[in-house]
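Asks: Got final00.pdb for you, PDB, C-alpha atoms:
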```
ATOM      1  CA  MET A   1    -144.185  28.977 -22.252  1.00  0.00           C
ATOM      2  CA  GLU A   2    -143.558  29.350 -18.545  1.00  0.00           C
ATOM      3  CA  GLU A   3    -142.059  26.679 -16.268  1.00  0.00           C
ATOM      4  CA  THR A   4    -144.311  25.350 -13.612  1.00  0.00           C
ATOM      5  CA  ASP A   5    -143.240  24.908 -10.013  1.00  0.00           C
ATOM      6  CA  TRP A   6    -143.213  21.158 -10.422  1.00  0.00           C
ATOM      7  CA  GLU A   7    -140.973  21.288 -13.556  1.00  0.00           C
ATOM      8  CA  ARG A   8    -138.526  23.652 -11.824  1.00  0.00           C
ATOM      9  CA  LYS A   9    -138.302  21.379  -8.769  1.00  0.00           C
ATOM     10  CA  GLU A  10    -137.812  18.338 -11.018  1.00  0.00           C
ATOM     11  CA  LEU A  11    -135.028  20.150 -12.907  1.00  0.00           C
ATOM     12  CA  GLU A  12    -133.336  21.149  -9.618  1.00  0.00           C
ATOM     13  CA  ARG A  13    -133.548  17.543  -8.370  1.00  0.00           C
ATOM     14  CA  VAL A  14    -131.941  16.222 -11.583  1.00  0.00           C
ATOM     15  CA  GLN A  15    -129.197  18.878 -11.320  1.00  0.00           C
ATOM     16  CA  LYS A  16    -128.465  17.912  -7.677  1.00  0.00           C
ATOM     17  CA  ILE A  17    -128.186  14.244  -8.640  1.00  0.00           C
ATOM     18  CA  PHE A  18    -125.947  15.087 -11.598  1.00  0.00           C
ATOM     19  CA  TYR A  19    -123.649  17.369  -9.568  1.00  0.00           C
ATOM     20  CA  GLY A  20    -123.556  14.844  -6.733  1.00  0.00           C
ATOM     21  CA  PHE A  21    -122.530  12.151  -9.194  1.00  0.00           C
ATOM     22  CA  LEU A  22    -119.797  14.418 -10.609  1.00  0.00           C
ATOM     23  CA  GLY A  23    -118.591  15.160  -7.070  1.00  0.00           C
ATOM     24  CA  ILE A  24    -118.294  11.464  -6.262  1.00  0.00           C
ATOM     25  CA  ILE A  25    -116.340  10.822  -9.467  1.00  0.00           C
ATOM     26  CA  PHE A  26    -114.063  13.786  -8.660  1.00  0.00           C
ATOM     27  CA  LEU A  27    -113.385  12.429  -5.155  1.00  0.00           C
ATOM     28  CA  ILE A  28    -112.579   8.957  -6.456  1.00  0.00           C
ATOM     29  CA  VAL A  29    -110.254  10.202  -9.201  1.00  0.00           C
ATOM     30  CA  SER A  30    -108.468  12.743  -7.008  1.00  0.00           C
ATOM     31  CA  GLY A  31    -108.064  10.199  -4.201  1.00  0.00           C
ATOM     32  CA  THR A  32    -106.539   7.709  -6.613  1.00  0.00           C
ATOM     33  CA  LEU A  33    -104.156  10.305  -8.045  1.00  0.00           C
ATOM     34  CA  ILE A  34    -103.095  11.538  -4.609  1.00  0.00           C
ATOM     35  CA  THR A  35    -102.542   7.998  -3.318  1.00  0.00           C
ATOM     36  CA  GLY A  36    -100.494   7.103  -6.410  1.00  0.00           C
ATOM     37  CA  HIS A  37     -98.434  10.281  -6.005  1.00  0.00           C
ATOM     38  CA  PHE A  38     -97.574   9.488  -2.387  1.00  0.00           C
ATOM     39  CA  GLN A  39     -96.722   5.871  -3.251  1.00  0.00           C
ATOM     40  CA  ARG A  40     -94.330   7.068  -5.970  1.00  0.00           C
ATOM     41  CA  GLN A  41     -92.788   9.638  -3.607  1.00  0.00           C
ATOM     42  CA  TYR A  42     -92.342   6.992  -0.900  1.00  0.00           C
ATOM     43  CA  LEU A  43     -90.678   4.559  -3.268  1.00  0.00           C
ATOM     44  CA  LYS A  44     -88.476   7.295  -4.725  1.00  0.00           C
ATOM     45  CA  SER A  45     -87.259   8.513  -1.318  1.00  0.00           C
ATOM     46  CA  ASN A  46     -86.956   4.993   0.114  1.00  0.00           C
ATOM     47  CA  PRO A  47     -84.401   2.912  -1.796  1.00  0.00           C
ATOM     48  CA  ARG A  48     -85.495  -0.210   0.072  1.00  0.00           C
ATOM     49  CA  SER A  49     -88.630  -1.133  -1.749  1.00  0.00           C
ATOM     50  CA  ILE A  50     -91.328  -3.306  -0.338  1.00  0.00           C
ATOM     51  CA  ILE A  51     -92.918  -6.269  -2.051  1.00  0.00           C
ATOM     52  CA  LEU A  52     -96.239  -5.107  -3.433  1.00  0.00           C
ATOM     53  CA  THR A  53     -98.882  -7.814  -3.805  1.00  0.00           C
ATOM     54  CA  LYS A  54    -101.925  -7.536  -6.045  1.00  0.00           C
ATOM     55  CA  GLU A  55    -104.500 -10.029  -7.172  1.00  0.00           C
ATOM     56  CA  ASP A  56    -105.406 -10.522 -10.815  1.00  0.00           C
ATOM     57  CA  PRO A  57    -109.161  -9.722 -10.928  1.00  0.00           C
ATOM     58  CA  ILE A  58    -109.862 -12.269 -13.662  1.00  0.00           C
ATOM     59  CA  ASP A  59    -108.252 -15.459 -12.405  1.00  0.00           C
ATOM     60  CA  TYR A  60    -107.241 -14.380  -8.875  1.00  0.00           C
ATOM     61  CA  ARG A  61    -103.524 -15.072  -9.368  1.00  0.00           C
ATOM     62  CA  LYS A  62    -101.196 -13.277  -6.960  1.00  0.00           C
ATOM     63  CA  ILE A  63     -98.853 -10.797  -8.620  1.00  0.00           C
ATOM     64  CA  ARG A  64     -95.893  -9.784  -6.446  1.00  0.00           C
ATOM     65  CA  THR A  65     -93.567  -6.960  -7.471  1.00  0.00           C
ATOM     66  CA  LEU A  66     -90.321  -5.681  -5.995  1.00  0.00           C
ATOM     67  CA  LEU A  67     -88.992  -2.353  -7.283  1.00  0.00           C
ATOM     68  CA  LEU A  68     -85.405  -1.142  -7.102  1.00  0.00           C
ATOM     69  CA  PRO A  69     -85.038   2.528  -8.140  1.00  0.00           C
ATOM     70  CA  SER A  70     -81.727   3.646  -9.610  1.00  0.00           C
ATOM     71  CA  GLU A  71     -79.367   5.551  -7.368  1.00  0.00           C
ATOM     72  CA  ASN A  72     -77.521   7.527 -10.023  1.00  0.00           C
ATOM     73  CA  ASN A  73     -78.275   8.197 -13.659  1.00  0.00           C
ATOM     74  CA  TYR A  74     -75.713   9.330 -16.166  1.00  0.00           C
ATOM     75  CA  SER A  75     -76.636  10.798 -19.499  1.00  0.00           C
ATOM     76  CA  THR A  76     -74.594  11.535 -22.560  1.00  0.00           C
ATOM     77  CA  SER A  77     -77.538  13.328 -24.177  1.00  0.00           C
ATOM     78  CA  ILE A  78     -78.526  16.915 -23.568  1.00  0.00           C
ATOM     79  CA  ASN A  79     -81.188  17.485 -20.867  1.00  0.00           C
ATOM     80  CA  PHE A  80     -81.918  13.820 -20.235  1.00  0.00           C
ATOM     81  CA  ASN A  81     -81.302  12.400 -16.806  1.00  0.00           C
ATOM     82  CA  ASN A  82     -84.355  10.299 -16.073  1.00  0.00           C
ATOM     83  CA  ASP A  83     -84.748   7.707 -13.370  1.00  0.00           C
ATOM     84  CA  ALA A  84     -84.823   4.038 -14.235  1.00  0.00           C
ATOM     85  CA  GLU A  85     -86.358   1.269 -12.166  1.00  0.00           C
ATOM     86  CA  LEU A  86     -85.531  -2.405 -12.029  1.00  0.00           C
ATOM     87  CA  TYR A  87     -88.593  -4.575 -11.399  1.00  0.00           C
ATOM     88  CA  PHE A  88     -88.675  -8.142 -10.106  1.00  0.00           C
ATOM     89  CA  ARG A  89     -92.140  -9.630 -10.650  1.00  0.00           C
ATOM     90  CA  CYS A  90     -93.722 -12.987  -9.837  1.00  0.00           C
ATOM     91  CA  THR A  91     -97.092 -13.831 -11.356  1.00  0.00           C
ATOM     92  CA  GLU A  92     -97.803 -17.003  -9.372  1.00  0.00           C
ATOM     93  CA  SER A  93     -94.694 -19.033 -10.277  1.00  0.00           C
ATOM     94  CA  TYR A  94     -93.778 -17.129 -13.481  1.00  0.00           C
ATOM     95  CA  PRO A  95     -90.698 -14.870 -12.942  1.00  0.00           C
ATOM     96  CA  GLU A  96     -89.908 -11.632 -14.756  1.00  0.00           C
ATOM     97  CA  VAL A  97     -87.135  -9.065 -14.401  1.00  0.00           C
ATOM     98  CA  PHE A  98     -87.378  -5.863 -16.381  1.00  0.00           C
ATOM     99  CA  LEU A  99     -85.740  -2.462 -16.632  1.00  0.00           C
ATOM    100  CA  ALA A 100     -88.136   0.464 -17.006  1.00  0.00           C
ATOM    101  CA  PRO A 101     -86.415   3.736 -17.820  1.00  0.00           C
ATOM    102  CA  ASP A 102     -88.682   6.689 -18.378  1.00  0.00           C
ATOM    103  CA  ARG A 103     -87.745   6.649 -22.063  1.00  0.00           C
ATOM    104  CA  VAL A 104     -88.703   4.902 -25.300  1.00  0.00           C
ATOM    105  CA  MET A 105     -86.044   2.330 -26.210  1.00  0.00           C
ATOM    106  CA  SER A 106     -84.526   1.994 -29.659  1.00  0.00           C
ATOM    107  CA  ASN A 107     -83.434  -1.620 -29.133  1.00  0.00           C
ATOM    108  CA  GLY A 108     -82.927  -4.268 -26.458  1.00  0.00           C
ATOM    109  CA  ARG A 109     -79.132  -4.253 -26.420  1.00  0.00           C
ATOM    110  CA  ILE A 110     -77.733  -3.451 -22.997  1.00  0.00           C
ATOM    111  CA  ARG A 111     -74.437  -3.612 -21.167  1.00  0.00           C
ATOM    112  CA  LEU A 112     -74.203  -4.836 -17.561  1.00  0.00           C
ATOM    113  CA  LYS A 113     -71.417  -4.403 -15.046  1.00  0.00           C
ATOM    114  CA  PHE A 114     -71.619  -5.987 -11.603  1.00  0.00           C
ATOM    115  CA  ASP A 115     -69.340  -4.351  -8.998  1.00  0.00           C
ATOM    116  CA  GLU A 116     -65.986  -3.745 -10.716  1.00  0.00           C
ATOM    117  CA  GLY A 117     -66.188  -6.866 -12.887  1.00  0.00           C
ATOM    118  CA  GLU A 118     -66.138  -7.346 -16.623  1.00  0.00           C
ATOM    119  CA  VAL A 119     -68.703  -5.687 -18.875  1.00  0.00           C
ATOM    120  CA  GLU A 120     -71.344  -8.141 -20.097  1.00  0.00           C
ATOM    121  CA  TYR A 121     -73.236  -7.601 -23.337  1.00  0.00           C
ATOM    122  CA  SER A 122     -76.802  -8.836 -23.495  1.00  0.00           C
ATOM    123  CA  ALA A 123     -79.924  -8.602 -25.622  1.00  0.00           C
ATOM    124  CA  TRP A 124     -83.047  -8.115 -23.525  1.00  0.00           C
ATOM    125  CA  ASN A 125     -86.545  -8.416 -24.949  1.00  0.00           C
ATOM    126  CA  ILE A 126     -88.193  -5.081 -25.626  1.00  0.00           C
ATOM    127  CA  SER A 127     -91.812  -4.543 -24.548  1.00  0.00           C
ATOM    128  CA  ASN A 128     -94.623  -3.714 -26.964  1.00  0.00           C
ATOM    129  CA  THR A 129     -94.659  -0.119 -25.710  1.00  0.00           C
ATOM    130  CA  LYS A 130     -90.847   0.051 -26.090  1.00  0.00           C
ATOM    131  CA  LYS A 131     -90.582   1.477 -22.560  1.00  0.00           C
ATOM    132  CA  ALA A 132     -89.293  -1.657 -20.810  1.00  0.00           C
ATOM    133  CA  LEU A 133     -86.579  -4.246 -21.392  1.00  0.00           C
ATOM    134  CA  PHE A 134     -87.150  -7.810 -20.132  1.00  0.00           C
ATOM    135  CA  SER A 135     -84.346 -10.128 -19.054  1.00  0.00           C
ATOM    136  CA  PRO A 136     -84.208 -13.298 -21.168  1.00  0.00           C
ATOM    137  CA  ASP A 137     -83.162 -15.370 -18.107  1.00  0.00           C
ATOM    138  CA  PRO A 138     -84.640 -13.796 -14.948  1.00  0.00           C
ATOM    139  CA  LYS A 139     -83.603 -16.631 -12.593  1.00  0.00           C
ATOM    140  CA  LYS A 140     -79.942 -16.362 -13.597  1.00  0.00           C
ATOM    141  CA  PHE A 141     -80.087 -12.563 -13.333  1.00  0.00           C
ATOM    142  CA  VAL A 142     -81.543 -12.706  -9.787  1.00  0.00           C
ATOM    143  CA  SER A 143     -78.826 -15.168  -8.728  1.00  0.00           C
ATOM    144  CA  LYS A 144     -76.161 -12.716  -9.937  1.00  0.00           C
ATOM    145  CA  VAL A 145     -77.847  -9.748  -8.234  1.00  0.00           C
ATOM    146  CA  LEU A 146     -77.828 -11.606  -4.910  1.00  0.00           C
ATOM    147  CA  THR A 147     -74.037 -12.058  -5.058  1.00  0.00           C
ATOM    148  CA  HIS A 148     -73.038  -8.470  -5.890  1.00  0.00           C
ATOM    149  CA  LYS A 149     -73.194  -5.001  -4.313  1.00  0.00           C
ATOM    150  CA  LYS A 150     -73.554  -2.708  -7.322  1.00  0.00           C
ATOM    151  CA  LEU A 151     -74.982  -2.938 -10.830  1.00  0.00           C
ATOM    152  CA  MET A 152     -74.522  -0.590 -13.773  1.00  0.00           C
ATOM    153  CA  ILE A 153     -76.834  -0.942 -16.777  1.00  0.00           C
ATOM    154  CA  SER A 154     -76.531   0.946 -20.048  1.00  0.00           C
ATOM    155  CA  PHE A 155     -79.315   1.191 -22.626  1.00  0.00           C
ATOM    156  CA  THR A 156     -80.034   3.228 -25.732  1.00  0.00           C
ATOM    157  CA  PRO A 157     -83.209   5.336 -26.025  1.00  0.00           C
ATOM    158  CA  TYR A 158     -84.630   6.501 -29.353  1.00  0.00           C
ATOM    159  CA  TYR A 159     -82.815   9.489 -30.828  1.00  0.00           C
ATOM    160  CA  ALA A 160     -80.352   9.652 -27.954  1.00  0.00           C
ATOM    161  CA  ASN A 161     -76.958   8.431 -26.937  1.00  0.00           C
ATOM    162  CA  GLU A 162     -76.377   5.623 -24.499  1.00  0.00           C
ATOM    163  CA  GLU A 163     -77.794   6.167 -20.989  1.00  0.00           C
ATOM    164  CA  PHE A 164     -76.457   4.636 -17.761  1.00  0.00           C
ATOM    165  CA  SER A 165     -78.197   3.753 -14.493  1.00  0.00           C
ATOM    166  CA  GLU A 166     -76.528   2.606 -11.286  1.00  0.00           C
ATOM    167  CA  PHE A 167     -78.265   0.355  -8.762  1.00  0.00           C
ATOM    168  CA  HIS A 168     -77.005  -0.228  -5.221  1.00  0.00           C
ATOM    169  CA  LEU A 169     -77.856  -3.792  -4.265  1.00  0.00           C
ATOM    170  CA  ASP A 170     -76.672  -3.826  -0.642  1.00  0.00           C
ATOM    171  CA  ASP A 171     -78.373  -0.746   0.831  1.00  0.00           C
ATOM    172  CA  GLU A 172     -79.977  -1.259   4.227  1.00  0.00           C
ATOM    173  CA  LYS A 173     -81.919   1.985   4.230  1.00  0.00           C
ATOM    174  CA  GLY A 174     -85.561   2.084   5.008  1.00  0.00           C
ATOM    175  CA  ILE A 175     -87.674   0.357   7.602  1.00  0.00           C
ATOM    176  CA  GLY A 176     -85.599  -1.451  10.218  1.00  0.00           C
ATOM    177  CA  THR A 177     -82.530  -3.242   8.921  1.00  0.00           C
ATOM    178  CA  ILE A 178     -84.212  -5.109   6.089  1.00  0.00           C
ATOM    179  CA  SER A 179     -82.202  -4.708   2.917  1.00  0.00           C
ATOM    180  CA  PHE A 180     -83.178  -4.974  -0.715  1.00  0.00           C
ATOM    181  CA  LYS A 181     -81.439  -8.363  -0.851  1.00  0.00           C
ATOM    182  CA  ASP A 182     -83.641  -9.650   1.978  1.00  0.00           C
ATOM    183  CA  ASP A 183     -86.707  -8.680  -0.033  1.00  0.00           C
ATOM    184  CA  LEU A 184     -85.206 -10.232  -3.167  1.00  0.00           C
ATOM    185  CA  LYS A 185     -84.576 -13.491  -1.301  1.00  0.00           C
ATOM    186  CA  THR A 186     -88.253 -13.480  -0.332  1.00  0.00           C
ATOM    187  CA  MET A 187     -89.180 -12.892  -3.980  1.00  0.00           C
ATOM    188  CA  LYS A 188     -86.850 -15.735  -4.972  1.00  0.00           C
ATOM    189  CA  SER A 189     -88.820 -18.080  -2.734  1.00  0.00           C
ATOM    190  CA  TYR A 190     -91.990 -17.158  -4.675  1.00  0.00           C
ATOM    191  CA  CYS A 191     -90.814 -17.844  -8.206  1.00  0.00           C
ATOM    192  CA  PHE A 192     -87.120 -17.335  -8.907  1.00  0.00           C
TER     193      PHE A 192
END
```
Once you've parsed the file, please lay out its structure as structure tokens.

Replies:
Amino acid sequence: MEETDWERKELERVQKIFYGFLGIIFLIVSGTLITGHFQRQYLKSNPRSIILTKEDPIDYRKIRTLLLPSENNYSTSINFNNDAELYFRCTESYPEVFLAPDRVMSNGRIRLKFDEGEVEYSAWNISNTKKALFSPDPKKFVSKVLTHKKLMISFTPYYANEEFSEFHLDDEKGIGTISFKDDLKTMKSYCF
């Protein structure tokens, strides 16, 4: 059975619509990936993070996040030297502080050392995905961060030895002379 002219034109029209639809999806996905890549590169090369604000699409709450990437990472395991980030998040007036290394955690036990002070032992809450550790007292933690210049955190990933990340709290790199502490003080006014 031979195709008629009308059937061929109808098939071509459907193909054009289908390929156009695929092209639009490709543009949206690639644009999102490229934008996300450049945001990650900016935050990685700029130790002074900015406060990112999003709105919860369900109940329109403002979610503000401040990211502090680690400066140095020390590993006692073979071939592991991943970055860790310290997040300060306010969902309306609810504060959260969490450590997000690029590893799966075995437990929530960490050690903290501010400047050259004493080592503090703490148990942070582990996330459901086991890729983040949440501070049990974020307000107290933020108050300590604001009074120190350097923070060392150790944590233990699955099937690995203890890992260490160093955070510089007084850097004034980035846009203008605004430091991380200035941004953290702004975050503190939101919920800490």

Asks: On this structure, the PyMOL selection byres ((chain A and resi 125-142) around 8) would catch which residues? List them as a PyMOL selection string, sorted by chain and number.

Replies: chain A and resi 95-108+123-124+143-146+184+188+192

Asks: Go ahead and dump the residues you just picked, C-alpha atoms, as a compact mmCIF listing (two decimals), keeping the file's coordinate frame.

Replies:
```
# COMPACT_ATOMS: atom_id res chain seq x y z
CA PRO A 95 -90.70 -14.87 -12.94
CA GLU A 96 -89.91 -11.63 -14.76
CA VAL A 97 -87.14 -9.06 -14.40
CA PHE A 98 -87.38 -5.86 -16.38
CA LEU A 99 -85.74 -2.46 -16.63
CA ALA A 100 -88.14 0.46 -17.01
CA PRO A 101 -86.42 3.74 -17.82
CA ASP A 102 -88.68 6.69 -18.38
CA ARG A 103 -87.74 6.65 -22.06
CA VAL A 104 -88.70 4.90 -25.30
CA MET A 105 -86.04 2.33 -26.21
CA SER A 106 -84.53 1.99 -29.66
CA ASN A 107 -83.43 -1.62 -29.13
CA GLY A 108 -82.93 -4.27 -26.46
CA ALA A 123 -79.92 -8.60 -25.62
CA TRP A 124 -83.05 -8.12 -23.52
CA SER A 143 -78.83 -15.17 -8.73
CA LYS A 144 -76.16 -12.72 -9.94
CA VAL A 145 -77.85 -9.75 -8.23
CA LEU A 146 -77.83 -11.61 -4.91
CA LEU A 184 -85.21 -10.23 -3.17
CA LYS A 188 -86.85 -15.74 -4.97
CA PHE A 192 -87.12 -17.34 -8.91
```

Asks: Determine the residue set returned by the PyMOL selection byres ((chain A and resi 148-165) around 6) for the present structure, and present it as an MDAnalysis selection string.

Replies: chainID A and resid 72:77 104:106 110:115 145:147 166:170

Asks: My list of candidates is A:Met187, A:Leu11, A:Ile34, A:Leu27. Which is closest to Ile51 in chain A when distances are computed with all atoms listed in the file?

Replies: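 Using all atoms listed in the file, the shortest distance to Ile51 in chain A belongs to A:Met187.
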
Asks: Closest to Ser93 in chain A among A:Ser189, A:Ser70, A:Ser30, A:Thr53, using all atoms listed in the file?

Replies: A:Ser189

Asks: Calculate how many Å separate CA of Ile63 in chain A from CA of Arg89 in chain A, rounding to one decimal.

Replies: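 CA of Arg89 in chain A lies 7.1 Å from CA of Ile63 in chain A.
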
Asks: Quick one, how far is CA of Asp56 in chain A from CA of Thr91 in chain A?

Replies: 9.0 Å

Asks: Give me, please, the distance in Å between CA of Thr65 in chain A and CA of Leu52 in chain A, quoted to one decimal.

Replies: 5.2 Å

Asks: Return as lines of an AutoDock Vina configuration file the box centre and box size in Å, one decimal, for an axis-aligned box around all listed atoms of range 154-169 of chain A padded by 4 Å per side.

Replies:
```
center_x = -80.5
center_y = 2.9
center_z = -17.5
size_x = 16.3
size_y = 21.4
size_z = 34.6
```

Asks: Between A:Arg64, A:Phe21, A:Thr32, A:Ile50, which residue has the minimum interatomic distance to Ser179 in chain A, considering all atoms listed in the file?

Replies: A:Ile50
